[in-house]
Amino acid sequence: MAVASRIKPQELFTPQEWAPLSARSSWKGLAMVAHAWAVIIAAGAMFVIWPNPLTYILAVMLIGARQLGLAILMHEAAHGGLHPNLKVNDWVGEWLCAAPTGASLAKYRPYHLTHHKYAQQAEDPDLVLSAPFPTTRASLRRKIVRDLTGQTFFKQRFGPLLGKLRADQPHRVFSGEVARQKPFLLWNLGLLVVLSAMGLWWAWLALWIVPMATWFPLVTRLRNIAEHALVAKDEPDPFRHARTTRANWIERALIAPYHVNFHAEHHLFMHMPCWNLPKAHRLLVAKGRTDGMLTAPGYLSVLKAASSRVPA
């Protein structure tokens, strides 16, 4: 198995530079989790107070983007970056980030660390996500339509269940699925109970499930494309295992929360807390070490390149 090439931080930074970049924080990660939930609550309240089509669309986009934010912060927890105490890190990552969106930190961590170990090599489990690109514009449009109409969500959430039902007895399948999805089901039941007590039972569907079924799959796809699409397989240069995409404030609000766009730096220094990635990028620029880094000026430019294949 070919392990992805690495570069030591000591080759790029002085000890005085590296120490603060790599330091864990007992509050910054927790503050990001609190921020994600605050945005979700504020966006939902915006529509409840001012109900109209425009505020609903904006609420769905903001909430879906922060659902992605929770997934990104689960990813941060997988690297031990949310809190220096691993028990706190894992509890917050599992119950406040992963469970609400139907993920599992315990299952995600070994999978994701394998991705880092073999980034863009044949053994990379995420290689399948970048393999289809470049594709045609028509193909990308179809993917976007499937995301925004809930088809992707339904396939990912219920496809495995339907496959098991064809192969096994329904009562065994459902009992096993309930056990597997218990944290997600408990979270959604809790949200429904709380909102119902406030007389807002409909908000669970309109302001939690709809964003999860539409905008969340779309921005997850856009993030995946930006990070690794059109990255060479078996790439030997660690500066080119992933792409860093410049993001303006709108893109950070709706597509790329919590510095996820600095993905080249994340692969270079996978245990660096995400809030230090922009500073690391600036230092690398100042040192002239980003000339060979894989970068993009924005998400639209990446999508244009990823959909550049001419139909046969």
# chains A, B, ... in the order shown; residues from 1 in each chain; ligands from 1
call {"tool": "closest_atom_pairs", "arguments": {"of": "stretch 115-233 of chain A", "to": "stretch 18-42 of chain A", "cutoff": "12 Å", "atoms": "only C-alpha atoms", "output": "JSON lines"}}
result
{"residue": "A:Leu191", "atom": "CA", "partner": "A:Ile41", "partner_atom": "CA", "distance": 11.6}
{"residue": "A:Leu195", "atom": "CA", "partner": "A:Ile41", "partner_atom": "CA", "distance": 11.4}
{"residue": "A:Ala203", "atom": "CA", "partner": "A:Ile41", "partner_atom": "CA", "distance": 10.9}
{"residue": "A:Trp204", "atom": "CA", "partner": "A:Ile41", "partner_atom": "CA", "distance": 11.7}
{"residue": "A:Leu207", "atom": "CA", "partner": "A:Ile40", "partner_atom": "CA", "distance": 8.8}
{"residue": "A:Trp208", "atom": "CA", "partner": "A:Ile40", "partner_atom": "CA", "distance": 8.8}
{"residue": "A:Pro211", "atom": "CA", "partner": "A:Ile40", "partner_atom": "CA", "distance": 10.4}
{"residue": "A:Met212", "atom": "CA", "partner": "A:Ile40", "partner_atom": "CA", "distance": 11.8}
call {"tool": "select_by_dssp", "arguments": {"residues": "stretch 110-289 of chain A", "states": "alpha helix (DSSP H)", "output": "PyMOL selection string"}}
result
chain A and resi 110-117+127-130+137-148+151-167+170-180+182-197+201-204+210-213+215-228+249-254+263-268+277-286
call {"tool": "closest_atom_pairs", "arguments": {"of": "stretch 118-206 of chain A", "to": "stretch 231-234 of chain A", "cutoff": "9 Å", "atoms": "only C-alpha atoms", "output": "Markdown table"}}
result
| residue | atom | partner | partner_atom | distance |
| --- | --- | --- | --- | --- |
| A:Ala119 | CA | A:Asp234 | CA | 8.2 |
| A:Gln120 | CA | A:Lys233 | CA | 5.1 |
| A:Gln121 | CA | A:Asp234 | CA | 4.8 |
| A:Ala122 | CA | A:Asp234 | CA | 7.3 |
| A:Leu127 | CA | A:Lys233 | CA | 8.3 |
| A:Ser130 | CA | A:Val231 | CA | 7.6 |
| A:Ala131 | CA | A:Lys233 | CA | 8.8 |
call {"tool": "closest_residue", "arguments": {"among": "A:Arg141, A:Arg146, A:Lys182, A:His116", "to": "A:Gly102", "atoms": "only C-alpha atoms"}}
result
A:Lys182
call {"tool": "residues_around", "arguments": {"residues": "stretch 73-81 of chain A", "least_positions_apart": "5", "cutoff": "10 Å", "atoms": "only C-alpha atoms", "output": "PyMOL selection string"}}
result
chain A and resi 22-26+28-30+32-33+36+66-68+86-99+103-113+257-258+260+270-275
call {"tool": "residues_around", "arguments": {"residues": "A:Pro9", "least_positions_apart": "4", "cutoff": "9 Å", "atoms": "only C-alpha atoms", "output": "NGL selection string"}}
result
:A and (13-14 or 18 or 268-269)
call {"tool": "write_last_selection", "arguments": {"atoms": "all heavy atoms", "output": "short mmCIF file (atom, residue, chain, number, x, y, z; two decimals), in the first residue's frame"}}
result
data_model
loop_
_atom_site.label_atom_id
_atom_site.label_comp_id
_atom_site.auth_asym_id
_atom_site.auth_seq_id
_atom_site.Cartn_x
_atom_site.Cartn_y
_atom_site.Cartn_z
N PHE A 13 7.96 25.78 9.22
CA PHE A 13 7.77 26.78 10.27
C PHE A 13 8.87 26.68 11.32
O PHE A 13 9.42 25.60 11.56
CB PHE A 13 6.42 26.58 10.96
CG PHE A 13 5.24 26.64 10.06
CD1 PHE A 13 4.50 25.49 9.78
CD2 PHE A 13 4.84 27.83 9.47
CE1 PHE A 13 3.41 25.52 8.94
CE2 PHE A 13 3.74 27.88 8.63
CZ PHE A 13 3.02 26.73 8.36
N THR A 14 9.18 27.81 11.93
CA THR A 14 10.08 27.81 13.07
C THR A 14 9.32 27.24 14.28
O THR A 14 8.09 27.24 14.29
CB THR A 14 10.56 29.22 13.40
OG1 THR A 14 9.44 30.00 13.85
CG2 THR A 14 11.18 29.89 12.18
N TRP A 18 5.30 27.38 14.91
CA TRP A 18 4.51 26.14 14.93
C TRP A 18 3.76 25.95 16.26
O TRP A 18 2.63 25.44 16.26
CB TRP A 18 5.40 24.95 14.65
CG TRP A 18 4.65 23.64 14.68
CD1 TRP A 18 4.81 22.62 15.56
CD2 TRP A 18 3.60 23.23 13.79
NE1 TRP A 18 3.94 21.59 15.28
CE2 TRP A 18 3.19 21.95 14.19
CE3 TRP A 18 2.98 23.83 12.69
CZ2 TRP A 18 2.18 21.24 13.53
CZ3 TRP A 18 1.97 23.13 12.03
CH2 TRP A 18 1.59 21.87 12.45
N LEU A 268 -1.92 19.07 4.79
CA LEU A 268 -0.52 19.22 5.17
C LEU A 268 -0.34 19.05 6.68
O LEU A 268 0.63 18.45 7.13
CB LEU A 268 -0.02 20.61 4.75
CG LEU A 268 0.31 20.81 3.27
CD1 LEU A 268 0.49 22.30 2.98
CD2 LEU A 268 1.55 20.03 2.87
N PHE A 269 -1.29 19.60 7.45
CA PHE A 269 -1.18 19.61 8.92
C PHE A 269 -2.51 19.13 9.50
O PHE A 269 -3.29 19.91 10.03
CB PHE A 269 -0.86 21.02 9.41
CG PHE A 269 0.09 21.79 8.54
CD1 PHE A 269 -0.33 22.90 7.83
CD2 PHE A 269 1.42 21.38 8.41
CE1 PHE A 269 0.55 23.61 7.02
CE2 PHE A 269 2.30 22.08 7.60
CZ PHE A 269 1.87 23.19 6.90
#
call {"tool": "residues_around", "arguments": {"residues": "stretch 133-139 of chain A", "least_positions_apart": "3", "cutoff": "6 Å", "atoms": "only C-alpha atoms", "output": "ChimeraX atom specification"}}
result
/A:130,142,229,306-309
call {"tool": "atom_distance", "arguments": {"atom1": "atom CA of A:Tyr56", "atom2": "atom CA of A:Val210"}}
result
10.6 Å
call {"tool": "residues_around", "arguments": {"residues": "A:His281", "least_positions_apart": "4", "cutoff": "8 Å", "atoms": "only C-alpha atoms", "output": "PyMOL selection string"}}
result
chain A and resi 262+265+277+285
call {"tool": "write_last_selection", "arguments": {"atoms": "N, CA and C atoms", "output": "mmCIF file, in the first residue's frame"}}
result
data_model
loop_
_atom_site.group_PDB
_atom_site.id
_atom_site.type_symbol
_atom_site.label_atom_id
_atom_site.label_comp_id
_atom_site.auth_asym_id
_atom_site.auth_seq_id
_atom_site.Cartn_x
_atom_site.Cartn_y
_atom_site.Cartn_z
ATOM 1 N N PHE A 262 -9.850 25.776 3.494
ATOM 2 C CA PHE A 262 -8.385 25.649 3.551
ATOM 3 C C PHE A 262 -8.006 24.166 3.622
ATOM 4 N N GLU A 265 -4.103 23.037 3.289
ATOM 5 C CA GLU A 265 -3.412 23.188 4.565
ATOM 6 C C GLU A 265 -3.841 22.099 5.551
ATOM 7 N N LEU A 277 -5.964 27.406 10.449
ATOM 8 C CA LEU A 277 -5.629 27.170 9.047
ATOM 9 C C LEU A 277 -5.448 28.471 8.251
ATOM 10 N N VAL A 285 2.167 31.760 2.510
ATOM 11 C CA VAL A 285 2.247 32.767 1.437
ATOM 12 C C VAL A 285 3.450 33.674 1.662
#
call {"tool": "closest_residue", "arguments": {"among": "A:Pro311, A:Pro217, A:Pro170, A:Pro236", "to": "A:Met61", "atoms": "only C-alpha atoms"}}
result
A:Pro217
call {"tool": "closest_residue", "arguments": {"among": "A:Lys117, A:His83, A:His266, A:Arg289", "to": "A:Val3", "atoms": "only C-alpha atoms"}}
result
A:Lys117
call {"tool": "residues_around", "arguments": {"residues": "A:Ala65", "least_positions_apart": "2", "cutoff": "8 Å", "atoms": "only C-alpha atoms", "output": "list in words"}}
result
Met61, Leu62, Ile63, Gln67, Leu68, Gly69, Trp215, Phe216, Val219, Ala253, Leu254, Ile255, Ala256 and Pro257 of chain A
call {"tool": "closest_residue", "arguments": {"among": "A:Pro125, A:Gly199, A:Arg223, A:Val178", "to": "A:Ala71", "atoms": "only C-alpha atoms"}}
result
A:Arg223
call {"tool": "atom_distance", "arguments": {"atom1": "atom CA of A:Gly292", "atom2": "atom CA of A:Thr114"}}
result
24.8 Å
call {"tool": "closest_residue", "arguments": {"among": "A:Ala312, A:Leu294, A:Arg240, A:Trp202", "to": "A:Val48", "atoms": "only C-alpha atoms"}}
result
A:Trp202
call {"tool": "select_by_dssp", "arguments": {"residues": "stretch 173-304 of chain A", "states": "strand (DSSP E or B)", "output": "MDAnalysis selection string"}}
result
chainID A and resid 244:245 262 295:296
call {"tool": "atom_distance", "arguments": {"atom1": "atom CA of A:Ile7", "atom2": "atom CA of A:Thr295"}}
result
18.1 Å
